[in-house]
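Text of structure_19.tsv, listed as TSV, C-alpha atoms:
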chain	number	residue	atom	x	y	z
A	1083	MET	CA	91.91	93.71	66.90
A	1084	ARG	CA	90.80	94.10	70.49
A	1085	ILE	CA	92.57	93.40	73.77
A	1086	LEU	CA	90.90	92.22	76.97
A	1087	GLY	CA	92.06	93.57	80.33
A	1088	LEU	CA	91.46	91.54	83.48
A	1089	ASP	CA	91.82	92.33	87.18
A	1090	TYR	CA	91.84	88.90	88.87
A	1091	GLY	CA	90.78	88.72	92.50
A	1092	SER	CA	89.85	86.03	94.99
A	1093	LYS	CA	86.11	86.32	94.29
A	1094	THR	CA	85.85	88.57	91.22
A	1095	VAL	CA	87.42	89.32	87.86
A	1096	GLY	CA	87.14	92.89	86.62
A	1097	VAL	CA	86.83	93.00	82.82
A	1098	ALA	CA	87.68	95.77	80.34
A	1099	VAL	CA	88.06	95.76	76.55
A	1100	SER	CA	89.94	98.01	74.16
A	1101	ASP	CA	88.47	99.77	71.17
A	1102	GLU	CA	89.49	98.32	67.77
A	1103	LEU	CA	92.16	100.98	67.25
A	1104	LEU	CA	93.79	100.20	70.63
A	1105	PHE	CA	93.44	103.75	71.96
A	1106	THR	CA	91.06	103.38	74.89
A	1107	ALA	CA	89.91	100.85	77.47
A	1108	GLN	CA	86.25	100.55	78.42
A	1109	GLY	CA	84.90	98.69	81.42
A	1110	LEU	CA	82.56	95.80	80.67
A	1111	GLU	CA	81.63	93.99	83.86
A	1112	ILE	CA	82.70	92.20	87.00
A	1113	VAL	CA	82.56	88.41	86.87
A	1114	ARG	CA	81.71	87.15	90.36
A	1115	ARG	CA	82.05	83.67	91.84
A	1116	GLN	CA	80.94	82.08	95.10
A	1117	SER	CA	84.22	80.39	95.96
A	1118	PRO	CA	87.85	81.28	95.13
A	1119	ASN	CA	88.39	77.80	93.64
A	1120	LYS	CA	85.28	77.76	91.44
A	1121	LEU	CA	86.76	79.23	88.26
A	1122	ARG	CA	84.91	77.21	85.61
A	1123	GLN	CA	82.00	79.67	85.28
A	1124	SER	CA	84.35	82.67	85.35
A	1125	LEU	CA	86.47	81.19	82.58
A	1126	ALA	CA	83.35	80.34	80.55
A	1127	ARG	CA	82.10	83.94	80.84
A	1128	ILE	CA	85.50	85.30	79.80
A	1129	GLU	CA	85.44	82.98	76.76
A	1130	GLU	CA	82.01	84.37	75.80
A	1131	ILE	CA	83.36	87.93	76.02
A	1132	ILE	CA	86.40	86.99	73.91
A	1133	LYS	CA	84.12	85.64	71.16
A	1134	GLU	CA	81.67	88.55	71.36
A	1135	TYR	CA	84.40	91.20	71.03
A	1136	ASN	CA	86.82	89.26	68.78
A	1137	VAL	CA	89.60	89.58	71.35
A	1138	GLU	CA	93.06	88.57	70.16
A	1139	ARG	CA	95.13	89.18	73.31
A	1140	ILE	CA	94.60	89.31	77.08
A	1141	VAL	CA	96.33	91.58	79.60
A	1142	LEU	CA	96.14	90.26	83.14
A	1143	GLY	CA	96.96	92.45	86.12
A	1144	TYR	CA	99.99	91.14	88.01
A	1145	PRO	CA	99.79	92.08	91.71
A	1146	LYS	CA	103.41	92.55	92.74
A	1147	ASN	CA	104.16	93.94	96.17
A	1148	MET	CA	105.23	97.57	96.42
A	1149	ASN	CA	108.86	96.46	96.97
A	1150	ASN	CA	108.71	94.55	93.63
A	1151	THR	CA	108.54	91.10	95.27
A	1152	GLU	CA	106.01	88.45	94.33
A	1153	GLY	CA	103.68	87.00	96.93
A	1154	GLU	CA	100.87	84.46	97.07
A	1155	ARG	CA	98.58	86.60	94.87
A	1156	CYS	CA	101.22	86.50	92.10
A	1157	GLU	CA	101.28	82.70	92.24
A	1158	LYS	CA	97.49	82.52	92.00
A	1159	THR	CA	97.58	84.99	89.10
A	1160	LYS	CA	100.15	82.86	87.24
A	1161	GLU	CA	97.90	79.81	87.70
A	1162	PHE	CA	94.95	81.79	86.33
A	1163	LYS	CA	97.11	82.93	83.39
A	1164	GLU	CA	97.90	79.31	82.52
A	1165	MET	CA	94.20	78.37	82.72
A	1166	LEU	CA	93.28	81.27	80.44
A	1167	GLU	CA	95.94	80.34	77.89
A	1168	ARG	CA	94.85	76.69	77.85
A	1169	ARG	CA	91.13	77.50	77.53
A	1170	THR	CA	91.34	80.36	75.06
A	1171	GLY	CA	94.51	79.67	73.08
A	1172	LEU	CA	95.34	83.39	73.39
A	1173	ASN	CA	98.53	85.03	74.56
A	1174	VAL	CA	98.12	86.35	78.12
A	1175	ILE	CA	100.43	89.19	79.14
A	1176	LEU	CA	101.09	89.84	82.82
A	1177	TRP	CA	100.96	93.59	83.51
A	1178	ASP	CA	102.17	95.23	86.71
A	1179	GLU	CA	99.06	96.43	88.50
A	1180	ARG	CA	100.57	98.08	91.55
A	1181	LEU	CA	98.40	100.97	92.72
A	1182	THR	CA	95.59	100.33	90.19
A	1183	THR	CA	93.09	99.62	92.97
A	1184	VAL	CA	94.24	102.75	94.80
A	1185	SER	CA	93.92	104.77	91.56
A	1186	ALA	CA	90.51	103.26	90.87
A	1187	ASP	CA	89.31	104.14	94.39
A	1188	LYS	CA	90.63	107.70	94.05
A	1189	HIS	CA	88.92	108.06	90.66
A	1190	MET	CA	85.60	106.93	92.12
A	1191	MET	CA	85.98	109.31	95.08
A	1192	GLU	CA	86.65	112.21	92.70
A	1193	SER	CA	83.66	111.13	90.60
A	1194	GLY	CA	81.38	111.36	93.63
A	1195	ILE	CA	80.65	107.65	94.00
A	1196	ARG	CA	79.63	106.98	97.59
A	1197	ARG	CA	82.05	104.95	99.72
A	1198	GLU	CA	79.59	102.09	100.24
A	1199	ASP	CA	79.06	101.79	96.46
A	1200	ARG	CA	82.75	101.79	95.48
A	1201	LYS	CA	83.29	98.05	96.13
A	1202	LYS	CA	80.75	97.33	93.39
A	1203	PHE	CA	82.91	99.01	90.77
A	1204	VAL	CA	86.55	98.89	91.92
A	1205	ASP	CA	87.53	95.68	90.07
A	1206	GLU	CA	86.10	96.86	86.75
A	1207	ILE	CA	87.79	100.25	87.05
A	1208	ALA	CA	91.07	98.57	88.03
A	1209	ALA	CA	90.76	96.42	84.85
A	1210	ILE	CA	90.35	99.64	82.85
A	1211	PHE	CA	93.50	101.10	84.42
A	1212	ILE	CA	95.47	97.88	83.76
A	1213	LEU	CA	94.39	97.75	80.13
A	1214	GLN	CA	94.85	101.48	79.54
A	1215	GLY	CA	98.39	101.24	80.92
A	1216	TYR	CA	99.15	98.49	78.43
A	1217	LEU	CA	97.53	100.40	75.54
A	1218	ASP	CA	99.59	103.49	76.41
A	1219	TYR	CA	102.71	101.30	76.38
A	1220	LEU	CA	101.77	99.96	72.93
A	1221	ALA	CA	101.29	103.51	71.64
A	1222	MET	CA	104.90	104.24	72.61
A	1223	HIS	CA	106.15	100.87	71.31
A	1224	PRO	CA	104.14	100.21	68.09
A	1225	GLU	CA	106.49	97.40	67.09
A	1226	GLU	CA	104.90	95.28	69.84
A	1227	LYS	CA	101.38	95.51	68.45
With the file now loaded, output its structure as structure tokens.
Amino acid sequence: MRILGLDYGSKTVGVAVSDELLFTAQGLEIVRRQSPNKLRQSLARIEEIIKEYNVERIVLGYPKNMNNTEGERCEKTKEFKEMLERRTGLNVILWDERLTTVSADKHMMESGIRREDRKKFVDEIAAIFILQGYLDYLAMHPEEK
């Protein structure tokens, strides 16, 4: 079994996938779109990845505010979740993603990636952090696998 991790943004979706033993998350790619409302191609690409990696579950970053409230980005994420579930038939789990982008940026800084290059990778690395957080949770709660 593999799990797909997604970091959904207004113009991109960062994509990560677990190993078959559910220990680690690896970044795959960033799916880009021209317009925030043009999701058909993004969804089609995600479906291709699901088939290629035999994904059985999706973890979608849920962008709550730091004070634990839900804003407009949460509403858009819920809409994307529903689209994913309809198109793929898979269970989509919303996973708190607060500070993943900050952590991803810090990781890239520590790795020596130049500031102007960081935007190219931040969504994919955030997807890795989202998925790895969920995998770590599963390791502590094996009954939920």
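For the residues A:Met1148, A:Leu1088, A:Val1095, A:Leu1142, ranking by smallest atom-to-atom distance to A:Leu1121 using all atoms listed in the file places A:Val1095 first.
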Under the rule of at most 7 Å, produce a per-residue listing of stretch 1084-1164 of chain A near stretch 1172-1179 of chain A: chain, number, name, the closest pair of atoms, and the distance in Å, as a tab-separated table, using only C-alpha atoms.
residue	atom	partner	partner_atom	distance
A:Glu1138	CA	A:Leu1172	CA	6.5
A:Arg1139	CA	A:Asn1173	CA	5.5
A:Ile1140	CA	A:Val1174	CA	4.7
A:Val1141	CA	A:Ile1175	CA	4.8
A:Leu1142	CA	A:Leu1176	CA	5.0
A:Gly1143	CA	A:Trp1177	CA	4.9
A:Tyr1144	CA	A:Asp1178	CA	4.8
A:Pro1145	CA	A:Glu1179	CA	5.5
A:Lys1146	CA	A:Asp1178	CA	6.7
A:Lys1163	CA	A:Val1174	CA	6.4
Fill in: Residue neighbourhood stretch 1130-1134 of chain A, 9 Å, all atoms listed in the file, exclusion window fewer than 4 positions, as a PyMOL selection string
chain A and resi 1085-1086+1125-1126+1138+1170
Discussion item. Env of A:Ser1117: 10 Å cut, atoms = all atoms listed in the file, seq-sep filter 6 positions within chain, self excluded. Answer as a PyMOL selection string.
Written reply: chain A and resi 1092-1094
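Between atom CA of A:Tyr1216 and atom CA of A:Arg1115 the separation is 26.3 Å.
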